[in-house]
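One file, data09.tsv, carrying TSV, C-alpha atoms:
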```tsv
chain	number	residue	atom	x	y	z
A	1	MET	CA	40.75	151.34	-151.93
A	2	PRO	CA	37.93	149.33	-150.33
A	3	ASP	CA	34.74	148.88	-152.28
A	4	LEU	CA	31.84	151.00	-150.89
A	5	ASN	CA	29.28	148.24	-151.33
A	6	THR	CA	31.47	145.77	-149.46
A	7	LEU	CA	31.81	148.21	-146.54
A	8	ILE	CA	28.07	148.84	-146.41
A	9	GLY	CA	27.46	145.06	-146.38
A	10	LYS	CA	29.77	144.56	-143.40
A	11	ILE	CA	28.05	147.37	-141.48
A	12	ASN	CA	24.60	145.83	-142.07
A	13	LYS	CA	25.86	142.40	-140.93
A	14	TYR	CA	27.33	143.80	-137.72
A	15	THR	CA	24.12	145.74	-136.99
A	16	LYS	CA	22.01	142.59	-137.34
A	17	LYS	CA	24.38	140.69	-134.94
A	18	ILE	CA	24.03	143.39	-132.30
A	19	SER	CA	20.26	143.32	-132.68
A	20	LEU	CA	20.26	139.51	-132.28
A	21	ASN	CA	22.43	139.70	-129.09
A	22	ARG	CA	20.06	142.29	-127.64
A	23	ASN	CA	17.11	139.97	-128.22
A	24	ILE	CA	18.89	137.10	-126.42
A	25	ILE	CA	19.78	139.31	-123.44
A	26	THR	CA	16.22	140.63	-123.24
A	27	TYR	CA	14.91	137.06	-123.31
A	28	LEU	CA	17.28	135.93	-120.56
A	29	VAL	CA	16.35	138.87	-118.34
A	30	CYS	CA	12.68	138.02	-118.76
A	31	VAL	CA	13.38	134.38	-117.83
A	32	VAL	CA	15.27	135.43	-114.69
A	33	ILE	CA	12.51	137.81	-113.61
A	34	ALA	CA	9.85	135.15	-114.21
A	35	SER	CA	11.88	132.61	-112.25
A	36	ILE	CA	12.27	134.99	-109.32
A	37	LEU	CA	8.54	135.74	-109.30
A	38	TRP	CA	7.75	131.98	-109.47
A	39	PHE	CA	10.26	131.24	-106.71
A	40	MET	CA	8.84	133.93	-104.43
A	41	ASN	CA	5.27	132.85	-105.08
A	42	THR	CA	6.04	129.16	-104.56
A	43	PHE	CA	8.05	129.54	-101.36
A	44	SER	CA	5.60	132.00	-99.81
A	45	GLN	CA	3.01	129.22	-99.61
A	46	ASP	CA	2.53	126.81	-96.68
A	47	TYR	CA	4.13	123.36	-96.87
A	48	GLN	CA	4.21	120.30	-94.68
A	49	THR	CA	7.40	118.25	-94.32
A	50	GLU	CA	9.49	116.22	-91.86
A	51	LEU	CA	12.53	117.42	-89.91
A	52	ASN	CA	14.90	115.25	-87.86
A	53	TYR	CA	15.73	116.97	-84.59
A	54	PRO	CA	18.28	115.81	-81.99
A	55	ILE	CA	16.92	115.30	-78.49
A	56	LYS	CA	18.80	115.86	-75.22
A	57	TYR	CA	17.77	114.26	-71.92
A	58	ILE	CA	18.52	116.04	-68.67
A	59	ASN	CA	17.98	115.24	-64.98
A	60	ILE	CA	18.03	111.45	-65.40
A	61	PRO	CA	17.69	109.96	-61.87
A	62	GLU	CA	21.16	109.46	-60.39
A	63	ASP	CA	20.15	106.30	-58.54
A	64	LYS	CA	18.76	104.66	-61.66
A	65	TYR	CA	20.20	103.54	-64.98
A	66	PRO	CA	18.40	103.42	-68.37
A	67	MET	CA	17.83	99.82	-69.45
A	68	ASN	CA	16.79	100.63	-73.00
A	69	LYS	CA	18.29	102.87	-75.66
A	70	LEU	CA	16.45	106.18	-75.81
A	71	PRO	CA	15.96	107.78	-79.24
A	72	ASP	CA	18.59	110.42	-80.00
A	73	HIS	CA	16.43	112.06	-82.67
A	74	LEU	CA	12.78	112.94	-83.07
A	75	GLN	CA	11.09	113.06	-86.46
A	76	LEU	CA	8.92	116.16	-86.48
A	77	ASN	CA	6.07	116.57	-88.95
A	78	VAL	CA	5.89	120.37	-89.36
A	79	GLN	CA	4.06	123.02	-91.37
A	80	ALA	CA	5.51	126.41	-92.36
A	81	LYS	CA	6.19	128.79	-95.23
A	82	GLY	CA	8.53	127.49	-97.90
A	83	PHE	CA	11.18	130.11	-97.11
A	84	THR	CA	11.25	129.10	-93.43
A	85	LEU	CA	11.50	125.40	-94.23
A	86	MET	CA	14.20	126.00	-96.82
A	87	GLY	CA	16.23	127.85	-94.21
A	88	TYR	CA	15.98	124.87	-91.88
A	89	ARG	CA	16.81	122.40	-94.62
A	90	ILE	CA	20.11	124.05	-95.47
A	91	LYS	CA	21.25	124.13	-91.86
A	92	THR	CA	23.98	121.61	-91.08
A	93	SER	CA	22.85	121.05	-87.47
A	94	PHE	CA	19.99	121.85	-85.13
A	95	GLN	CA	19.98	122.89	-81.50
A	96	PRO	CA	18.81	119.81	-79.53
A	97	ILE	CA	15.29	119.68	-78.16
A	98	THR	CA	15.62	119.32	-74.38
A	99	PHE	CA	13.62	116.74	-72.47
A	100	ASN	CA	13.64	117.38	-68.72
A	101	PHE	CA	12.93	114.05	-67.05
A	102	ALA	CA	12.51	115.64	-63.61
A	103	THR	CA	9.04	116.72	-64.75
A	104	TYR	CA	7.94	113.09	-65.19
A	105	GLN	CA	9.93	111.27	-62.51
A	106	HIS	CA	6.92	111.03	-60.19
A	107	LEU	CA	5.08	109.08	-62.90
A	108	LEU	CA	7.51	106.15	-62.82
A	109	GLN	CA	5.85	102.87	-61.89
A	110	GLU	CA	7.98	100.21	-60.23
A	111	ARG	CA	7.58	96.51	-60.93
A	112	ASP	CA	10.00	93.73	-60.00
A	113	GLY	CA	12.67	96.31	-59.24
A	114	ILE	CA	12.29	97.98	-62.66
A	115	SER	CA	10.87	101.51	-62.95
A	116	GLU	CA	8.97	102.28	-66.15
A	117	TYR	CA	7.11	105.15	-67.74
A	118	ILE	CA	5.69	105.38	-71.28
A	119	LEU	CA	5.50	108.89	-72.70
A	120	ASN	CA	3.06	109.72	-75.50
A	121	THR	CA	5.01	112.35	-77.45
A	122	ASN	CA	1.88	113.88	-78.98
A	123	ASP	CA	0.76	114.78	-75.44
A	124	ILE	CA	3.71	117.16	-75.11
A	125	LYS	CA	3.60	118.43	-78.68
A	126	GLU	CA	3.05	122.00	-77.53
A	127	LYS	CA	6.05	121.88	-75.17
A	128	PHE	CA	8.37	120.69	-77.93
A	129	GLY	CA	6.82	123.14	-80.35
A	130	ASN	CA	7.84	126.04	-78.11
A	131	GLN	CA	11.50	125.02	-78.42
A	132	ILE	CA	11.67	125.32	-82.20
A	133	ASN	CA	11.21	128.31	-84.55
A	134	PRO	CA	7.92	130.09	-83.75
A	135	ASP	CA	7.25	130.36	-87.50
A	136	ILE	CA	7.03	126.57	-87.70
A	137	LYS	CA	3.89	124.73	-86.63
A	138	LEU	CA	4.47	121.28	-85.11
A	139	VAL	CA	1.87	118.84	-86.48
A	140	SER	CA	3.02	115.48	-85.06
A	141	ILE	CA	6.03	113.67	-83.58
A	142	TYR	CA	7.56	110.27	-84.33
A	143	PRO	CA	8.05	108.01	-82.49
A	144	GLU	CA	4.64	108.39	-80.94
A	145	ARG	CA	5.89	106.81	-77.69
A	146	ILE	CA	9.12	106.86	-75.74
A	147	THR	CA	9.52	104.13	-73.14
A	148	PHE	CA	11.68	104.90	-70.12
A	149	ARG	CA	12.87	101.82	-68.21
A	150	PHE	CA	15.27	102.17	-65.30
A	151	ALA	CA	17.06	99.65	-63.13
A	152	PRO	CA	18.74	100.43	-59.81
A	153	THR	CA	22.29	101.65	-60.35
A	154	GLN	CA	25.05	99.51	-58.89
A	155	LYS	CA	28.83	99.93	-58.76
A	156	LYS	CA	31.49	97.25	-58.80
A	157	LYS	CA	35.27	97.18	-59.05
A	158	VAL	CA	36.59	94.50	-61.40
A	159	LEU	CA	40.02	93.52	-62.68
A	160	ILE	CA	41.19	94.47	-66.17
A	161	ASN	CA	42.12	91.57	-68.41
A	162	PRO	CA	44.55	92.61	-71.21
A	163	ASN	CA	43.63	91.21	-74.62
A	164	LEU	CA	47.05	90.55	-76.16
A	165	GLU	CA	48.33	88.68	-79.18
A	166	TYR	CA	52.13	88.78	-79.23
A	167	LYS	CA	55.10	86.85	-80.53
A	168	LEU	CA	58.50	87.20	-78.90
A	169	LYS	CA	61.72	87.40	-80.82
A	170	ARG	CA	64.01	84.41	-80.31
A	171	GLN	CA	65.90	84.39	-76.98
A	172	TYR	CA	63.54	87.00	-75.46
A	173	ILE	CA	61.12	86.54	-72.59
A	174	LEU	CA	58.11	88.47	-71.28
A	175	ASN	CA	58.94	89.12	-67.63
A	176	GLN	CA	55.64	90.64	-66.62
A	177	ILE	CA	52.63	92.67	-67.72
A	178	LYS	CA	51.90	95.84	-65.77
A	179	LEU	CA	48.52	97.59	-65.85
A	180	ASP	CA	47.90	101.08	-64.52
A	181	PRO	CA	45.20	100.99	-63.33
A	182	ASP	CA	44.73	97.22	-62.99
A	183	SER	CA	41.03	97.52	-62.13
A	184	VAL	CA	38.06	99.68	-63.06
A	185	THR	CA	34.84	100.80	-61.39
A	186	ILE	CA	31.77	99.91	-63.46
A	187	SER	CA	28.35	101.41	-62.76
A	188	GLY	CA	25.14	100.26	-64.39
A	189	PRO	CA	22.07	98.05	-63.99
A	190	ALA	CA	22.41	95.60	-61.11
A	191	ASN	CA	21.45	92.62	-63.29
A	192	ILE	CA	24.49	93.32	-65.52
A	193	ILE	CA	26.98	94.37	-62.84
A	194	ASP	CA	26.36	91.24	-60.74
A	195	THR	CA	27.60	88.96	-63.53
A	196	LEU	CA	30.84	90.85	-64.26
A	197	GLN	CA	34.10	89.37	-62.97
A	198	SER	CA	36.57	91.20	-65.23
A	199	ILE	CA	36.69	93.42	-68.28
A	200	GLN	CA	38.87	93.13	-71.37
A	201	THR	CA	40.89	95.75	-73.19
A	202	GLU	CA	40.83	96.26	-76.93
A	203	ILE	CA	43.10	93.81	-78.72
A	204	TRP	CA	46.82	94.63	-79.05
A	205	THR	CA	48.80	92.61	-81.61
A	206	LEU	CA	52.62	92.56	-81.55
A	207	LYS	CA	55.22	90.65	-83.58
A	208	ASP	CA	58.94	90.04	-82.99
A	209	LEU	CA	58.78	91.64	-79.55
A	210	SER	CA	62.31	92.31	-78.27
A	211	GLN	CA	62.08	95.29	-75.94
A	212	THR	CA	59.89	96.75	-73.21
A	213	ILE	CA	56.91	98.55	-74.71
A	214	ASN	CA	53.85	100.38	-73.40
A	215	LYS	CA	50.57	101.65	-74.76
A	216	THR	CA	47.26	103.08	-73.57
A	217	LEU	CA	44.43	100.67	-74.38
A	218	LYS	CA	40.72	101.41	-74.36
A	219	LEU	CA	38.50	99.08	-72.36
A	220	THR	CA	35.71	97.12	-74.03
A	221	ASP	CA	32.37	98.93	-73.89
A	222	ILE	CA	29.59	97.29	-71.90
A	223	GLU	CA	26.09	98.22	-73.02
A	224	ASN	CA	24.18	100.39	-70.54
A	225	CYS	CA	27.21	100.65	-68.25
A	226	HIS	CA	29.69	103.41	-67.42
A	227	LEU	CA	33.41	102.72	-66.92
A	228	ASN	CA	35.64	104.87	-64.73
A	229	PRO	CA	38.23	105.06	-66.15
A	230	ASN	CA	37.63	103.55	-69.60
A	231	PHE	CA	41.29	102.91	-70.39
A	232	THR	CA	44.47	101.45	-68.90
A	233	ASN	CA	48.16	101.97	-69.48
A	234	ILE	CA	49.80	98.63	-70.22
A	235	THR	CA	53.52	97.87	-70.09
A	236	LEU	CA	55.11	94.67	-71.41
A	237	GLU	CA	58.50	94.11	-69.80
A	238	VAL	CA	60.67	92.20	-72.28
A	239	GLU	CA	64.33	91.17	-72.09
A	240	GLN	CA	66.73	88.44	-73.11
A	241	PHE	CA	66.65	85.23	-71.08
A	242	THR	CA	68.90	82.40	-70.07
A	243	GLU	CA	68.18	78.84	-69.08
A	244	SER	CA	68.81	77.90	-65.46
A	245	HIS	CA	69.02	74.50	-63.69
A	246	ARG	CA	68.52	73.50	-60.04
A	247	THR	CA	68.07	70.48	-57.83
A	248	ILE	CA	65.10	70.83	-55.46
A	249	SER	CA	64.04	68.55	-52.59
A	250	ILE	CA	60.57	67.01	-52.76
A	251	THR	CA	58.26	67.90	-49.84
A	252	PRO	CA	55.76	65.31	-48.48
A	253	GLN	CA	52.31	66.77	-47.67
A	254	LEU	CA	49.26	65.65	-45.68
A	255	MET	CA	51.24	62.98	-43.87
A	256	PRO	CA	49.76	61.37	-40.70
A	257	ASP	CA	51.74	62.11	-37.55
A	258	SER	CA	52.42	58.41	-37.00
A	259	ILE	CA	53.93	57.77	-40.45
A	260	ASN	CA	57.26	58.56	-42.02
A	261	ILE	CA	57.72	58.46	-45.79
A	262	ARG	CA	60.86	57.83	-47.76
A	263	LEU	CA	60.98	58.95	-51.40
A	264	PHE	CA	63.07	57.47	-54.21
A	265	PRO	CA	64.49	59.81	-55.36
A	266	SER	CA	63.96	62.50	-52.69
A	267	SER	CA	64.82	65.40	-55.00
A	268	LEU	CA	64.33	66.38	-58.62
A	269	ASN	CA	66.08	68.37	-61.33
A	270	ILE	CA	64.39	71.45	-62.74
A	271	SER	CA	65.09	73.78	-65.66
A	272	TYR	CA	63.47	77.08	-66.57
A	273	ASP	CA	63.93	80.26	-68.58
A	274	VAL	CA	64.47	83.52	-66.71
A	275	GLY	CA	65.21	87.11	-67.73
A	276	LEU	CA	68.80	88.20	-67.19
A	277	SER	CA	67.80	90.95	-64.75
A	278	LYS	CA	66.03	88.44	-62.47
A	279	TYR	CA	68.49	85.59	-62.69
A	280	ASP	CA	70.19	86.39	-59.35
A	281	GLN	CA	66.86	87.02	-57.57
A	282	ILE	CA	65.89	83.34	-57.54
A	283	ASN	CA	66.91	80.79	-54.88
A	284	ASP	CA	65.86	77.24	-53.95
A	285	ASN	CA	63.29	78.48	-51.44
A	286	ASP	CA	61.27	80.01	-54.29
A	287	PHE	CA	60.27	76.49	-55.39
A	288	ILE	CA	58.13	73.86	-53.69
A	289	PHE	CA	57.54	70.48	-55.33
A	290	ALA	CA	55.42	68.09	-53.28
A	291	VAL	CA	53.78	64.68	-53.07
A	292	ASP	CA	50.63	63.87	-51.10
A	293	TYR	CA	50.13	60.96	-48.74
A	294	PRO	CA	48.83	58.05	-50.84
A	295	GLN	CA	45.09	57.45	-50.61
A	296	ASN	CA	45.40	54.08	-52.34
A	297	THR	CA	47.66	51.67	-50.49
A	298	ASP	CA	48.09	49.56	-53.64
A	299	THR	CA	49.88	52.29	-55.56
A	300	THR	CA	53.65	52.06	-55.91
A	301	TYR	CA	54.46	55.64	-56.91
A	302	LEU	CA	53.39	59.23	-56.17
A	303	GLU	CA	52.96	62.07	-58.66
A	304	VAL	CA	55.04	65.19	-58.04
A	305	LYS	CA	53.18	68.48	-58.31
A	306	ILE	CA	54.29	72.10	-58.43
A	307	VAL	CA	53.16	73.99	-55.32
A	308	LYS	CA	55.23	77.13	-55.66
A	309	ALA	CA	57.37	78.78	-58.37
A	310	PRO	CA	58.23	82.38	-59.35
A	311	ALA	CA	55.58	83.87	-61.63
A	312	PHE	CA	58.11	85.49	-63.97
A	313	ILE	CA	59.96	82.33	-65.05
A	314	LYS	CA	58.92	80.49	-68.20
A	315	ASP	CA	58.99	76.95	-69.55
A	316	LEU	CA	59.46	75.27	-66.17
A	317	LYS	CA	60.34	71.56	-66.55
A	318	TYR	CA	61.17	68.95	-63.93
A	319	THR	CA	62.14	65.32	-63.73
A	320	PRO	CA	61.17	62.86	-62.43
A	321	GLN	CA	57.45	63.58	-62.37
A	322	LYS	CA	56.71	60.39	-60.40
A	323	VAL	CA	58.64	58.90	-57.46
A	324	GLU	CA	58.52	55.62	-55.59
A	325	PHE	CA	57.98	55.65	-51.83
A	326	LEU	CA	58.21	53.61	-48.65
A	327	LEU	CA	55.97	54.17	-45.61
A	328	GLU	CA	57.35	53.55	-42.13
A	329	LYS	CA	55.68	53.77	-38.75
A	330	LYS	CA	57.29	56.08	-36.26
```
If you took the structure in this file and wrote it as structure tokens, what would it be?
Amino acid sequence: MPDLNTLIGKINKYTKKISLNRNIITYLVCVVIASILWFMNTFSQDYQTELNYPIKYINIPEDKYPMNKLPDHLQLNVQAKGFTLMGYRIKTSFQPITFNFATYQHLLQERDGISEYILNTNDIKEKFGNQINPDIKLVSIYPERITFRFAPTQKKKVLINPNLEYKLKRQYILNQIKLDPDSVTISGPANIIDTLQSIQTEIWTLKDLSQTINKTLKLTDIENCHLNPNFTNITLEVEQFTESHRTISITPQLMPDSINIRLFPSSLNISYDVGLSKYDQINDNDFIFAVDYPQNTDTTYLEVKIVKAPAFIKDLKYTPQKVEFLLEKK
């Protein structure tokens, strides 16, 4: 049978533990209440801080193109209650502040073909302030100035130049490269557009190429310019090839009417690689190898040059590359 004193001791110990736990809970409740009161008092006061706001430009003149990069954010120095500012701080994004350029277009000053206007952002502080929370007071804006510089817009159509790095598998040939589209319309400042002759694609690297392949490639961005479209579909036509041989007559060029020329030899042997699908499409008339009338009467030979050859053949070789000649009067 349990001892009475032992039982009484256990009861007293348990009672003290409960009393201690109650003290801890009471203390924690007091801390929480004090924290809430401090929090409410602190955040009910006015504070000044900085907020980064996105800015959106509308009604940019269609006949002009921005020459400088306009800021995409404004740093606003604002004043408001702590609760209001905290609400803005925890937002993941803000609705852009809209800048309507049509309001200031008449203020553009033109010089040497460039239109310019410098806006003091503090002068329109009230207008921007009306676009944000009415509980927030706008104190100042950074940057203090926004410079608008416009050049006349110009359009130009230029060819697309594919930027390729490829290696063909042995016994394979690249027949042709197809681009769709093969050109692009670029609009932007006239001083940039005038210098453009072509535009490159992003780089495309290929190894052990052994079959026809296609891909859509993005065009290289040009600062302050717009591309339409900004991509091209490129197809590399690849197939196996064979080596072909022919004998082609040499054609004299720029000969005076009163002179005949005799060439030794009068023809040459050529070799080239051609895709199997195009092998039967080639004939002798697709090639022209020529020599020009000699300008120096002391020379004893003429160099043979390639005037015409199919674009899709590869590794064209010919011999001889120089021929002797004899001039005769008619």
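Among the candidate residues A:Ile146, A:Ile250, A:Ile114, A:Ile203, the one lying nearest to Pro71 (chain A) is A:Ile146, with distances computed using only C-alpha atoms.
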Excluding Glu239 (chain A) and residues on its chain fewer than 3 positions from it, collect all residues at most 8 Å away from it, counting all atoms listed in the file, and give them as a list in words.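 Everything that qualifies: Tyr172, Ile173, Leu174, Asn175, Ser210, Gln211, Thr212, Gly275 and Leu276 of chain A.
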Atom pair CA of Lys69 (chain A) + CA of Leu217 (chain A), distance 26.3 Å
If you measure from CA of Ile282 (chain A) to CA of Asp182 (chain A), what distance in Å do you get, rounded to one decimal?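 Interatomic distance, CA of Ile282 (chain A) to CA of Asp182 (chain A): 25.9 Å.
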Would you mind telling me which residue in A:Phe264, A:Thr235, A:Lys305, A:Lys329 lies nearest to Gln176 (chain A) when using all atoms listed in the file? A:Thr235
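What separates CA of Tyr65 (chain A) from CA of Val158 (chain A) is a distance of 19.1 Å.
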Which one is closest to Lys330 (chain A): A:Asp315, A:Glu62, A:Asp257, A:Glu237? Count all atoms listed in the file.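 Nearest candidate to Lys330 (chain A) out of A:Asp315, A:Glu62, A:Asp257, A:Glu237: A:Asp257.
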Select, from A:Thr185, A:Tyr279, A:Lys178, A:Gln75, the residue with the minimum atom-to-atom distance to Arg145 (chain A), counting only C-alpha atoms. A:Gln75
